[in-house]
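K.L.:
Structure in structure tokens, see below.
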There are 2 protein chains.
Amino acid sequence: MSKFEASNTDLTKNQNLVMGALSQANGPLSAYTILDELREHGFRAPLQVYRALDKLVELGLVHRLESLNAFVACQHSSCGGDKRENVLFAICETCGKVQELVDERLLDTVKNLAENEDFSLSKSVIELRGKCGSCQPS
Amino acid sequence: MSKFEASNTDLTKNQNLVMGALSQANGPLSAYTILDELREHGFRAPLQVYRALDKLVELGLVHRLESLNAFVACQHSSCGGDKRENVLFAICETCGKVQELVDERLLDTVKNLAENEDFSLSKSVIELRGKCGSCQPS
DNA sequence: GCAATGATGTAATATAATAACATCACATTT
DNA sequence: AAATGTGATGTTATTATATTACATCATTGC
């Protein structure tokens with residue numbers, strides 16, 4: 001059971017609609033793309049989308065991609081528990097698909113670096129850009 | 001001699017003005033902030049700023065901070081040579097200052113991870129958020 | 001001179017995000 | 001039932017960020 005399904009009933013109508021749109025998409029969506037998709041369901045203003053997104057991000061069901069100004073549904077089940085967003089993303093510049101990754105070694109390295117620099121880390125934004133396996137010349 | 005000074009004469013008038021604004025600032029600036037600062041020098045439209053920024057980023061003299069939609073002057077002299085942006089940023093959420101870092105170990109870890117995931121890396125966006133040394137409770 | 005190229009100027013538009021304020025739904029208390 | 005509090009919604013307007021399209025100017029090479 002996915003986190004979405006698990007907490008499905010806890011979400012409000014708008015949150016559910018936005019979560020549904022992101023879950024069905026096979027890549028990240030911008031807030032305005034979501035708005036357009038949900039117009040048939042009664043959405044009329046950006047704020048309806050942004051408010052839902054804020055909550056979904058807070059719950060760990062959705063992640064924001066800073067380098068795309070877009071949002072993706074969380075692809076695994078361990079995000080909600082941790083306060084810090086311990087995930088990173090591999091964004092294919094060819095097909096647009098995004099893979100969500102967790103890598104303890106990378107996170108440790110980041111934490112270590114922050115400590116060495118006397119920087120008190122609250123969150124790390126790590127977004128890799130390049131070509132995914134399917135989009136590379138074979 | 002900084003890279004800015006070194007290539008100063010190669011830059012066009014607008015590029016020089018934008019570079020100057022960023023060099024004087026003690027933190028990142030948005031394109032529109034730069035525009036406002038340069039109005040007295042004849043700037044009138046966003047595009048004048050964006051065009052200069054594009055070139056400066058390409059030259060490695062300026063970096064774009066994806067999570068802030070803002071730009072900073074490069075803080076060291078090794079950026080221009082490398083095609084991939086092998087730098088990361090520690091962004092203080094209290095004072096707004098940004099520290100530009102190079103960390104071979106972190107970069108290796110990233111490259112390694114990308115390889116394991118069959119992801120052909122073109123660029124990595126790494127932006128740490130938190131509190132810098134000066135802003136932490138002592 | 002004249003074409004090619006790159007830089008610039010300007011207006012308009014597209015895209016992303018928030019502010020401000022009114023209303024609604026529902027639970028709690030009295 | 002009435003009053004109240006709270007969180008979710010709806011709506012309009014505005015602010016912030018970035019790009020498109022097109023005209024003009026400067027420099028270089030022929």
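Residue numbering restarts at 1 in every chain; chains get A, B, ... in the order shown in the structure tokens, and ligands count up from 1 in that same order.
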What residues in chain A have any atom no more than 7 Å from chain B when counting only C-alpha atoms, and can you write them as a list of chain:residue names?

P.N.:
A:Glu66, A:Ser67, A:Leu106, A:Thr109, A:Val110, A:Asp118, A:Phe119, A:Ser120, A:Leu121, A:Ser122, A:Lys123, A:Ser124, A:Val125, A:Ile126, A:Glu127, A:Leu128, A:Arg129, A:Gly130, A:Lys131, A:Cys132, A:Gly133

K.L.:
Could you turn the residues from that selection into a file that holds N, CA and C atoms, as a compact mmCIF listing (two decimals), in the first residue's frame?

P.N.:
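Contents of the output file again.txt:
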# COMPACT_ATOMS: atom_id res chain seq x y z
N GLU A 66 13.48 21.96 -7.23
CA GLU A 66 13.83 23.38 -7.25
C GLU A 66 14.34 23.82 -8.61
N SER A 67 15.04 22.93 -9.28
CA SER A 67 15.64 23.34 -10.54
C SER A 67 14.65 23.29 -11.70
N LEU A 106 26.01 9.29 0.19
CA LEU A 106 26.00 10.68 -0.26
C LEU A 106 25.53 11.60 0.87
N THR A 109 28.21 12.08 3.35
CA THR A 109 29.24 12.98 2.84
C THR A 109 28.80 14.44 2.97
N VAL A 110 27.54 14.66 2.65
CA VAL A 110 27.01 16.02 2.76
C VAL A 110 27.02 16.49 4.20
N ASP A 118 31.26 24.22 9.41
CA ASP A 118 30.52 24.87 10.49
C ASP A 118 29.17 25.38 10.00
N PHE A 119 28.54 24.56 9.19
CA PHE A 119 27.25 24.93 8.61
C PHE A 119 26.19 24.00 9.17
N SER A 120 25.19 24.58 9.81
CA SER A 120 24.15 23.77 10.42
C SER A 120 23.05 23.49 9.41
N LEU A 121 23.05 22.26 8.94
CA LEU A 121 22.23 21.87 7.79
C LEU A 121 20.76 21.71 8.17
N SER A 122 19.88 22.33 7.41
CA SER A 122 18.46 22.08 7.66
C SER A 122 17.85 21.25 6.54
N LYS A 123 18.42 21.37 5.37
CA LYS A 123 17.87 20.64 4.22
C LYS A 123 18.88 20.68 3.09
N SER A 124 18.97 19.60 2.33
CA SER A 124 19.85 19.68 1.17
C SER A 124 19.09 19.44 -0.12
N VAL A 125 19.33 20.31 -1.04
CA VAL A 125 18.73 20.21 -2.37
C VAL A 125 19.76 19.58 -3.29
N ILE A 126 19.50 18.36 -3.74
CA ILE A 126 20.43 17.69 -4.64
C ILE A 126 19.67 17.19 -5.85
N GLU A 127 19.94 17.78 -6.98
CA GLU A 127 19.23 17.41 -8.21
C GLU A 127 20.24 17.20 -9.33
N LEU A 128 20.36 15.95 -9.75
CA LEU A 128 21.30 15.61 -10.81
C LEU A 128 20.62 15.78 -12.16
N ARG A 129 21.35 16.36 -13.08
CA ARG A 129 20.82 16.55 -14.42
C ARG A 129 21.62 15.71 -15.40
N GLY A 130 20.95 15.13 -16.36
CA GLY A 130 21.67 14.31 -17.33
C GLY A 130 20.72 13.44 -18.12
N LYS A 131 21.21 12.28 -18.52
CA LYS A 131 20.39 11.36 -19.31
C LYS A 131 20.16 10.07 -18.54
N CYS A 132 18.93 9.65 -18.48
CA CYS A 132 18.62 8.39 -17.82
C CYS A 132 19.02 7.22 -18.73
N GLY A 133 19.03 6.04 -18.18
CA GLY A 133 19.45 4.85 -18.91
C GLY A 133 18.77 4.70 -20.26

K.L.:
Please check the contacts: residues of chain D at most 10 Å away from chain B, using only C-alpha atoms (C1' of nucleotides), listed as a PyMOL selection string.

P.N.:
chain D and resi 16-19

K.L.:
Produce a file of the selected residues containing C-alpha atoms (C1' of nucleotides), as an mmCIF file, in the first residue's frame.

P.N.:
data_model
loop_
_atom_site.group_PDB
_atom_site.id
_atom_site.type_symbol
_atom_site.label_atom_id
_atom_site.label_comp_id
_atom_site.auth_asym_id
_atom_site.auth_seq_id
_atom_site.Cartn_x
_atom_site.Cartn_y
_atom_site.Cartn_z
ATOM 1 C "C1'" DA D 16 8.045 37.978 -9.066
ATOM 2 C "C1'" DT D 17 10.591 35.483 -12.549
ATOM 3 C "C1'" DA D 18 11.682 34.535 -17.374
ATOM 4 C "C1'" DT D 19 11.125 34.405 -22.434
#

K.L.:
Within 12 Å of chain A, which residues of chain C show up? Give each one with its shortest atom-to-atom distance in Å (one decimal) and the two atoms involved, counting only C-alpha atoms (C1' of nucleotides), rows by chain then rising residue number, as a tab-separated table.

P.N.:
residue	atom	partner	partner_atom	distance
C:DA14	C1'	A:Tyr32	CA	11.8
C:DT15	C1'	A:Tyr32	CA	8.3
C:DA16	C1'	A:Asn69	CA	7.7
C:DA17	C1'	A:Tyr50	CA	8.3
C:DT18	C1'	A:Leu47	CA	8.4
C:DA19	C1'	A:Leu47	CA	10.7

K.L.:
Output N, CA, C and O atoms (P, O5', C5', C4', C3', O3' and C1' of nucleotides) for every residue in the selection just made, as an mmCIF file, in the first residue's frame.

P.N.:
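Output contents, as saved in out01.cif:
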data_model
loop_
_atom_site.group_PDB
_atom_site.id
_atom_site.type_symbol
_atom_site.label_atom_id
_atom_site.label_comp_id
_atom_site.auth_asym_id
_atom_site.auth_seq_id
_atom_site.Cartn_x
_atom_site.Cartn_y
_atom_site.Cartn_z
ATOM 1 P P DA C 14 0.858 35.116 -24.115
ATOM 2 O "O5'" DA C 14 1.830 34.199 -23.245
ATOM 3 C "C5'" DA C 14 3.049 33.754 -23.831
ATOM 4 C "C4'" DA C 14 3.929 33.178 -22.753
ATOM 5 C "C3'" DA C 14 3.209 32.190 -21.832
ATOM 6 O "O3'" DA C 14 4.062 31.059 -21.745
ATOM 7 C "C1'" DA C 14 4.351 33.838 -20.551
ATOM 8 P P DT C 15 3.566 29.699 -21.086
ATOM 9 O "O5'" DT C 15 4.140 29.785 -19.606
ATOM 10 C "C5'" DT C 15 5.544 29.770 -19.425
ATOM 11 C "C4'" DT C 15 5.841 30.061 -17.987
ATOM 12 C "C3'" DT C 15 5.102 29.164 -16.985
ATOM 13 O "O3'" DT C 15 6.118 28.510 -16.269
ATOM 14 C "C1'" DT C 15 5.104 31.421 -16.294
ATOM 15 P P DA C 16 5.767 27.437 -15.119
ATOM 16 O "O5'" DA C 16 5.907 28.344 -13.814
ATOM 17 C "C5'" DA C 16 7.174 28.873 -13.491
ATOM 18 C "C4'" DA C 16 7.080 29.583 -12.166
ATOM 19 C "C3'" DA C 16 6.380 28.784 -11.070
ATOM 20 O "O3'" DA C 16 7.258 28.769 -9.957
ATOM 21 C "C1'" DA C 16 5.469 30.977 -11.218
ATOM 22 P P DA C 17 6.733 28.049 -8.584
ATOM 23 O "O5'" DA C 17 6.062 29.273 -7.810
ATOM 24 C "C5'" DA C 17 6.891 30.369 -7.415
ATOM 25 C "C4'" DA C 17 6.064 31.359 -6.641
ATOM 26 C "C3'" DA C 17 5.291 30.783 -5.460
ATOM 27 O "O3'" DA C 17 5.883 31.309 -4.288
ATOM 28 C "C1'" DA C 17 3.993 32.376 -6.682
ATOM 29 P P DT C 18 5.243 31.085 -2.834
ATOM 30 O "O5'" DT C 18 4.368 32.398 -2.625
ATOM 31 C "C5'" DT C 18 4.979 33.655 -2.892
ATOM 32 C "C4'" DT C 18 3.976 34.762 -2.652
ATOM 33 C "C3'" DT C 18 3.225 34.692 -1.320
ATOM 34 O "O3'" DT C 18 3.479 35.919 -0.672
ATOM 35 C "C1'" DT C 18 1.739 35.117 -3.095
ATOM 36 P P DA C 19 2.870 36.185 0.801
ATOM 37 O "O5'" DA C 19 1.756 37.297 0.518
ATOM 38 C "C5'" DA C 19 1.969 38.246 -0.507
ATOM 39 C "C4'" DA C 19 0.882 39.295 -0.456
ATOM 40 C "C3'" DA C 19 0.198 39.439 0.896
ATOM 41 O "O3'" DA C 19 -0.203 40.803 1.036
ATOM 42 C "C1'" DA C 19 -1.379 38.671 -0.699
#

K.L.:
With a distance cut-off of 10 Å and only C-alpha atoms (C1' of nucleotides), select the neighbouring residues of DC24 (chain C), excluding the residue or stretch itself and same-chain residues fewer than 6 positions from it, and output the selection as a PDB file with C-alpha atoms (C1' of nucleotides), in the first residue's frame.

P.N.:
ATOM      1  C1'  DA D   8     -10.376  24.424   4.153  1.00  0.00           C
ATOM      2  C1'  DT D   9     -12.059  26.955   0.131  1.00  0.00           C
ATOM      3  C1'  DG D  10     -13.086  30.404  -3.315  1.00  0.00           C
TER       4       DG D  10
END

K.L.:
Would you pick out the contacts of Leu53 (chain A) at 9 Å or less, using only C-alpha atoms (C1' of nucleotides), so that residues sharing its chain but fewer than 2 positions from it are not included, and give the list as a PyMOL selection string?

P.N.:
chain A and resi 15+18-19+31+48-51+55-58+62-64+71

K.L.:
How about saving the chosen residues, C-alpha atoms kept, as a compact mmCIF listing (two decimals), in the first residue's frame?

P.N.:
# COMPACT_ATOMS: atom_id res chain seq x y z
CA GLN A 15 -5.36 17.64 -1.81
CA VAL A 18 -3.71 17.27 -6.76
CA MET A 19 -2.18 14.09 -5.40
CA ALA A 31 1.61 23.96 -10.47
CA GLN A 48 -6.00 26.09 -4.84
CA VAL A 49 -3.12 24.11 -6.26
CA TYR A 50 -0.41 25.74 -4.18
CA ARG A 51 -2.27 25.23 -0.95
CA LYS A 55 0.34 20.35 2.52
CA LEU A 56 1.37 17.38 0.40
CA VAL A 57 5.00 18.45 0.52
CA GLU A 58 4.73 18.86 4.27
CA VAL A 62 5.16 15.17 -2.84
CA HIS A 63 8.57 16.67 -3.51
CA ARG A 64 9.38 19.97 -5.05
CA PHE A 71 6.49 18.83 -8.31

K.L.:
What is the distance between CA of Leu11 (chain B) and CA of Cys74 (chain B), in Å to one decimal?

P.N.:
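Value for the CA of Leu11 (chain B)-CA of Cys74 (chain B) distance: 15.5 Å.
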